[in-house]
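Accompanying notes for the structure given below.
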Amino acid sequence: MTMRSFDDLNAHLREIRRLNDVVALLGWDQQTGMPSGASEDRGAQVGLLSRIIHGMWTDGRVAEALDHLSAQGSTDPVHVATLRNVRRDLARRVRVTADLVERLASAEASAFSAWIAAKPAGDFASFAPSLATLLDLRKEEALAVDADRSPYDTMIDAHDPGVDAANVAAMFGRLRPGLMALLEALKGGTPPAALGMTMPVAEQRAVHQGLLGALGYDLARGRLDASEHPFSTSVGLDDVRITTHLYEEDLLHGLGSTIHEVGHALYEQGLPNHLGDGVARHAGMGMHESQSRFWENTIGRSRAFCRFVAPRFGNPTLTADRLWAAQHRVSAGPIRVSADEVTYNLHILVRFELEAALVGGRLAIADLPGAWNDAYRATLGVHVRNDTEGVLQDVHWAAGAFGYFPSYTLGNLYAASLAVGMARDLPTLWQEVEKGQFDGIREWLHQRVHQVGHAMDAPDIVKAAVGPRDHVQDLLDALSERYKAAYGLA
Ligand SMILES: [Zn+2]
């Protein structure tokens, strides 16, 4: 059937989305309860669905619809954004040959298994050949998508449409000295005490379950489960699930994870499905991370939130002040996922500079571990003892996700500016948080971010929400205020 209208195109996109939701549900099951013996079946199921989805993009109907609808010259912003988004989707699918797709899939599978074996052994040399192959294929793919653009820009664009390496480099160029100056200043203060308390996981889970409803996560359209690595996933228009990982001896880790994933899920639950699937989608991973990190850091690490949440744990020794202080301990270490809020962005900076150099051909794979260790010494003052806790720690490169890391810092930057705009618009913000009332915050984000979907790219969404802001300065100001206070330097 030929698609003659935006409704036709959106109906086709909805069918593709339904299939992608099924793939996501299979992935959720794999991480939450699938028997280990089923992994071969699961791989075949996902492979089959992926081939069907690929066919629905590349059978010529979407391309024909784009030509037809573009020729109508509609200036409706939703139509314009739909065409732009779907054109981007299509370029990534039709310009990449089936042969390259197959070689990429097999290179990803071998790089991933090589990484699984190499990581515990700290044996980068055994991983290097498959990483080199995967990197070459990703470059080939980027050039196929856009021969006129630098491959690294195309890779970033796949995760964060509207952002390129020069934007990211400019932000890090100012973030680095700002963060290093803050770390230097904190050395003159008194580090806050660690929480140092344990609580049975079942008791924590009850608190978290109650928190979900308070934050406005719709449990009729979602659920909370446990998994090794916390994640959120959209498996239907009205089914956005989250997982968390609770530790008896580390309350803060579980609390941060749950709030973070709720932030992701509120975004997905709030997308404007009535506008059609061409724009009823998130505006990139940076925007997604801004939502999770806004809730985790701006709200979750505020004094007001600590006053609200501390009593809910039912332990009189867990006071709001104690909880707040423990959330503001800074300690540079080698591992990104256990980094504190201040040094976290320096971990991302190291990865951004190294992958830009790798993709740009300025750094050889064989020299990567040495460059990694040098960068950690220079940027974080950390001595990396081995490749297990160094260059092999993250799965991203092994999974072929070059250009993904900047999203994490973009999320922190957008979140900082959104927080400034929100505080300006909602003068009673912190009084509400202390009372456990989050409706005003959620509604503010819903109107300015969630309901926009991908009608604009992320940098424009933030600008429309809060006006032109210096995101780097907003982030540095927020960190400096909270951390200097926690270190007794305010
Ligand atoms: Zn996240």
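Note on naming: chains are A, B, ... as they come in the structure tokens, residues start from 1 per chain, ligands start from 1 in the order shown.
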
Show me, as JSON lines, the residues of chain A having an atom within 8 Å of ligand 1, each with the closest atom pair and its distance in Å, using only C-alpha atoms and all ligand atoms.
```
{"residue": "A:Phe231", "atom": "CA", "partner": "ligand 1", "partner_atom_place_in_ligand_line": "1 (Zn)", "distance": 7.2}
{"residue": "A:His260", "atom": "CA", "partner": "ligand 1", "partner_atom_place_in_ligand_line": "1 (Zn)", "distance": 6.4}
{"residue": "A:Glu261", "atom": "CA", "partner": "ligand 1", "partner_atom_place_in_ligand_line": "1 (Zn)", "distance": 6.5}
{"residue": "A:His264", "atom": "CA", "partner": "ligand 1", "partner_atom_place_in_ligand_line": "1 (Zn)", "distance": 6.7}
{"residue": "A:His288", "atom": "CA", "partner": "ligand 1", "partner_atom_place_in_ligand_line": "1 (Zn)", "distance": 7.1}
{"residue": "A:Glu289", "atom": "CA", "partner": "ligand 1", "partner_atom_place_in_ligand_line": "1 (Zn)", "distance": 5.1}
{"residue": "A:Ser292", "atom": "CA", "partner": "ligand 1", "partner_atom_place_in_ligand_line": "1 (Zn)", "distance": 5.7}
{"residue": "A:Arg293", "atom": "CA", "partner": "ligand 1", "partner_atom_place_in_ligand_line": "1 (Zn)", "distance": 7.3}
{"residue": "A:Tyr408", "atom": "CA", "partner": "ligand 1", "partner_atom_place_in_ligand_line": "1 (Zn)", "distance": 7.7}
```

Restricted to C-alpha atoms, what would the selected residues look like written as a short mmCIF file (atom, residue, chain, number, x, y, z; two decimals), in the first residue's frame?
```
data_model
loop_
_atom_site.label_atom_id
_atom_site.label_comp_id
_atom_site.auth_asym_id
_atom_site.auth_seq_id
_atom_site.Cartn_x
_atom_site.Cartn_y
_atom_site.Cartn_z
CA PHE A 231 17.64 0.13 33.44
CA HIS A 260 17.43 7.80 38.10
CA GLU A 261 15.36 5.16 36.31
CA HIS A 264 13.91 8.01 32.39
CA HIS A 288 17.06 11.19 28.20
CA GLU A 289 19.96 11.40 30.64
CA SER A 292 17.17 10.79 34.88
CA ARG A 293 19.95 12.98 36.27
CA TYR A 408 26.06 11.31 29.94
#
```

Spatial neighbours of Thr2 in chain A, 10 Å, only C-alpha atoms, chain gap at least 5 places, as a PyMOL selection string: chain A and resi 8-9+60-62+64-65+68

Please write the residues from the selection above to a file, keeping C-alpha atoms, as a PDB file, in the first residue's frame.
```
ATOM      1  CA  ASP A   8      -0.463   6.595   6.637  1.00  0.00           C
ATOM      2  CA  LEU A   9       3.211   7.163   7.427  1.00  0.00           C
ATOM      3  CA  GLY A  60      10.904   1.451  -0.538  1.00  0.00           C
ATOM      4  CA  ARG A  61       7.555   2.499   0.921  1.00  0.00           C
ATOM      5  CA  VAL A  62       8.988   4.842   3.556  1.00  0.00           C
ATOM      6  CA  GLU A  64       8.397   6.953  -1.379  1.00  0.00           C
ATOM      7  CA  ALA A  65       6.223   8.432   1.359  1.00  0.00           C
ATOM      8  CA  HIS A  68       5.523  12.414  -1.646  1.00  0.00           C
TER       9      HIS A  68
END
```

Please build the interface table for range 145-234 of chain A against range 240-252 of chain A with a cut-off of 6 Å, listing for each qualifying residue the nearest atom pair and the distance in Å to one decimal; count only C-alpha atoms, order rows by chain and increasing number, and write it as JSON lines.
```
{"residue": "A:Thr198", "atom": "CA", "partner": "A:Glu249", "partner_atom": "CA", "distance": 4.4}
{"residue": "A:Met199", "atom": "CA", "partner": "A:Glu248", "partner_atom": "CA", "distance": 5.2}
{"residue": "A:Pro200", "atom": "CA", "partner": "A:Glu248", "partner_atom": "CA", "distance": 5.3}
{"residue": "A:Val201", "atom": "CA", "partner": "A:Glu248", "partner_atom": "CA", "distance": 5.4}
{"residue": "A:Gly222", "atom": "CA", "partner": "A:Arg241", "partner_atom": "CA", "distance": 4.8}
{"residue": "A:Arg223", "atom": "CA", "partner": "A:Arg241", "partner_atom": "CA", "distance": 5.1}
{"residue": "A:Leu224", "atom": "CA", "partner": "A:Ile242", "partner_atom": "CA", "distance": 5.1}
{"residue": "A:Asp225", "atom": "CA", "partner": "A:Thr243", "partner_atom": "CA", "distance": 4.6}
{"residue": "A:Ala226", "atom": "CA", "partner": "A:Thr243", "partner_atom": "CA", "distance": 5.0}
{"residue": "A:Ser227", "atom": "CA", "partner": "A:Thr243", "partner_atom": "CA", "distance": 5.9}
{"residue": "A:Pro230", "atom": "CA", "partner": "A:Thr244", "partner_atom": "CA", "distance": 4.4}
{"residue": "A:Phe231", "atom": "CA", "partner": "A:Thr243", "partner_atom": "CA", "distance": 5.4}
{"residue": "A:Ser232", "atom": "CA", "partner": "A:Ile242", "partner_atom": "CA", "distance": 4.2}
{"residue": "A:Thr233", "atom": "CA", "partner": "A:Arg241", "partner_atom": "CA", "distance": 5.4}
{"residue": "A:Ser234", "atom": "CA", "partner": "A:Val240", "partner_atom": "CA", "distance": 4.3}
```

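You will find CA of Asp136 in chain A at 20.2 Å from CA of Ala118 in chain A.
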
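Of the residues listed (A:Met34, A:Val330, A:Leu134, A:Leu475), A:Leu134 shows the shortest atom-to-atom separation from Ala109 in chain A; distances use only C-alpha atoms.
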
Close residues, Pro161 in chain A itself excluded, 8 Å, only C-alpha atoms, min 5 positions apart in chain, as a ChimeraX atom specification: /A:156,283-284,457-458

Who sits within 8 Å of range 307-316 of chain A, only C-alpha atoms, same chain under 3 positions skipped, as number ranges by chain: A: 203-204, 207, 303-304, 319-321, 323, 433-436

Close residues, Lys119 in chain A itself excluded, 9 Å, only C-alpha atoms, min 6 positions apart in chain, as an NGL selection string: :A and (127 or 387-389 or 392-393)

Could you please take those selected residues and save N, CA, C and O atoms as a short mmCIF file (atom, residue, chain, number, x, y, z; two decimals), in the first residue's frame?
```cif
data_model
loop_
_atom_site.label_atom_id
_atom_site.label_comp_id
_atom_site.auth_asym_id
_atom_site.auth_seq_id
_atom_site.Cartn_x
_atom_site.Cartn_y
_atom_site.Cartn_z
N PHE A 127 41.82 -8.53 23.38
CA PHE A 127 40.61 -7.84 22.95
C PHE A 127 40.91 -6.90 21.77
O PHE A 127 40.03 -6.61 20.94
N ASP A 387 44.26 -3.10 33.50
CA ASP A 387 43.26 -2.77 32.48
C ASP A 387 41.85 -3.18 32.89
O ASP A 387 40.87 -2.69 32.34
N THR A 388 41.73 -4.09 33.87
CA THR A 388 40.40 -4.46 34.37
C THR A 388 39.70 -3.22 34.92
O THR A 388 38.53 -2.97 34.63
N GLU A 389 40.43 -2.46 35.74
CA GLU A 389 39.84 -1.24 36.31
C GLU A 389 40.18 -0.02 35.45
O GLU A 389 39.86 1.10 35.80
N LEU A 392 39.31 -1.49 30.17
CA LEU A 392 38.35 -2.57 29.91
C LEU A 392 37.08 -2.46 30.76
O LEU A 392 36.19 -3.31 30.67
N GLN A 393 36.96 -1.41 31.59
CA GLN A 393 35.85 -1.40 32.56
C GLN A 393 34.45 -1.27 31.94
O GLN A 393 33.49 -1.82 32.47
#
```

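Ranking A:Phe124, A:Asp460, A:Ala44, A:Gly300 by their shortest atom-to-atom distance to Trp372 in chain A, with only C-alpha atoms included, puts A:Phe124 first.
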
Residue neighbourhood Ala478 in chain A, 12 Å, only C-alpha atoms, exclusion window fewer than 6 positions, as a count of residues only: 23

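Taking CA of Tyr217 in chain A and CA of Ala158 in chain A as the two end points, the separation is 28.2 Å.
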
Close residues, Phe6 in chain A itself excluded, 9 Å, only C-alpha atoms, min 6 positions apart in chain, as a list in words: Ala65, Leu69, His79, Thr82 and Gly276 of chain A
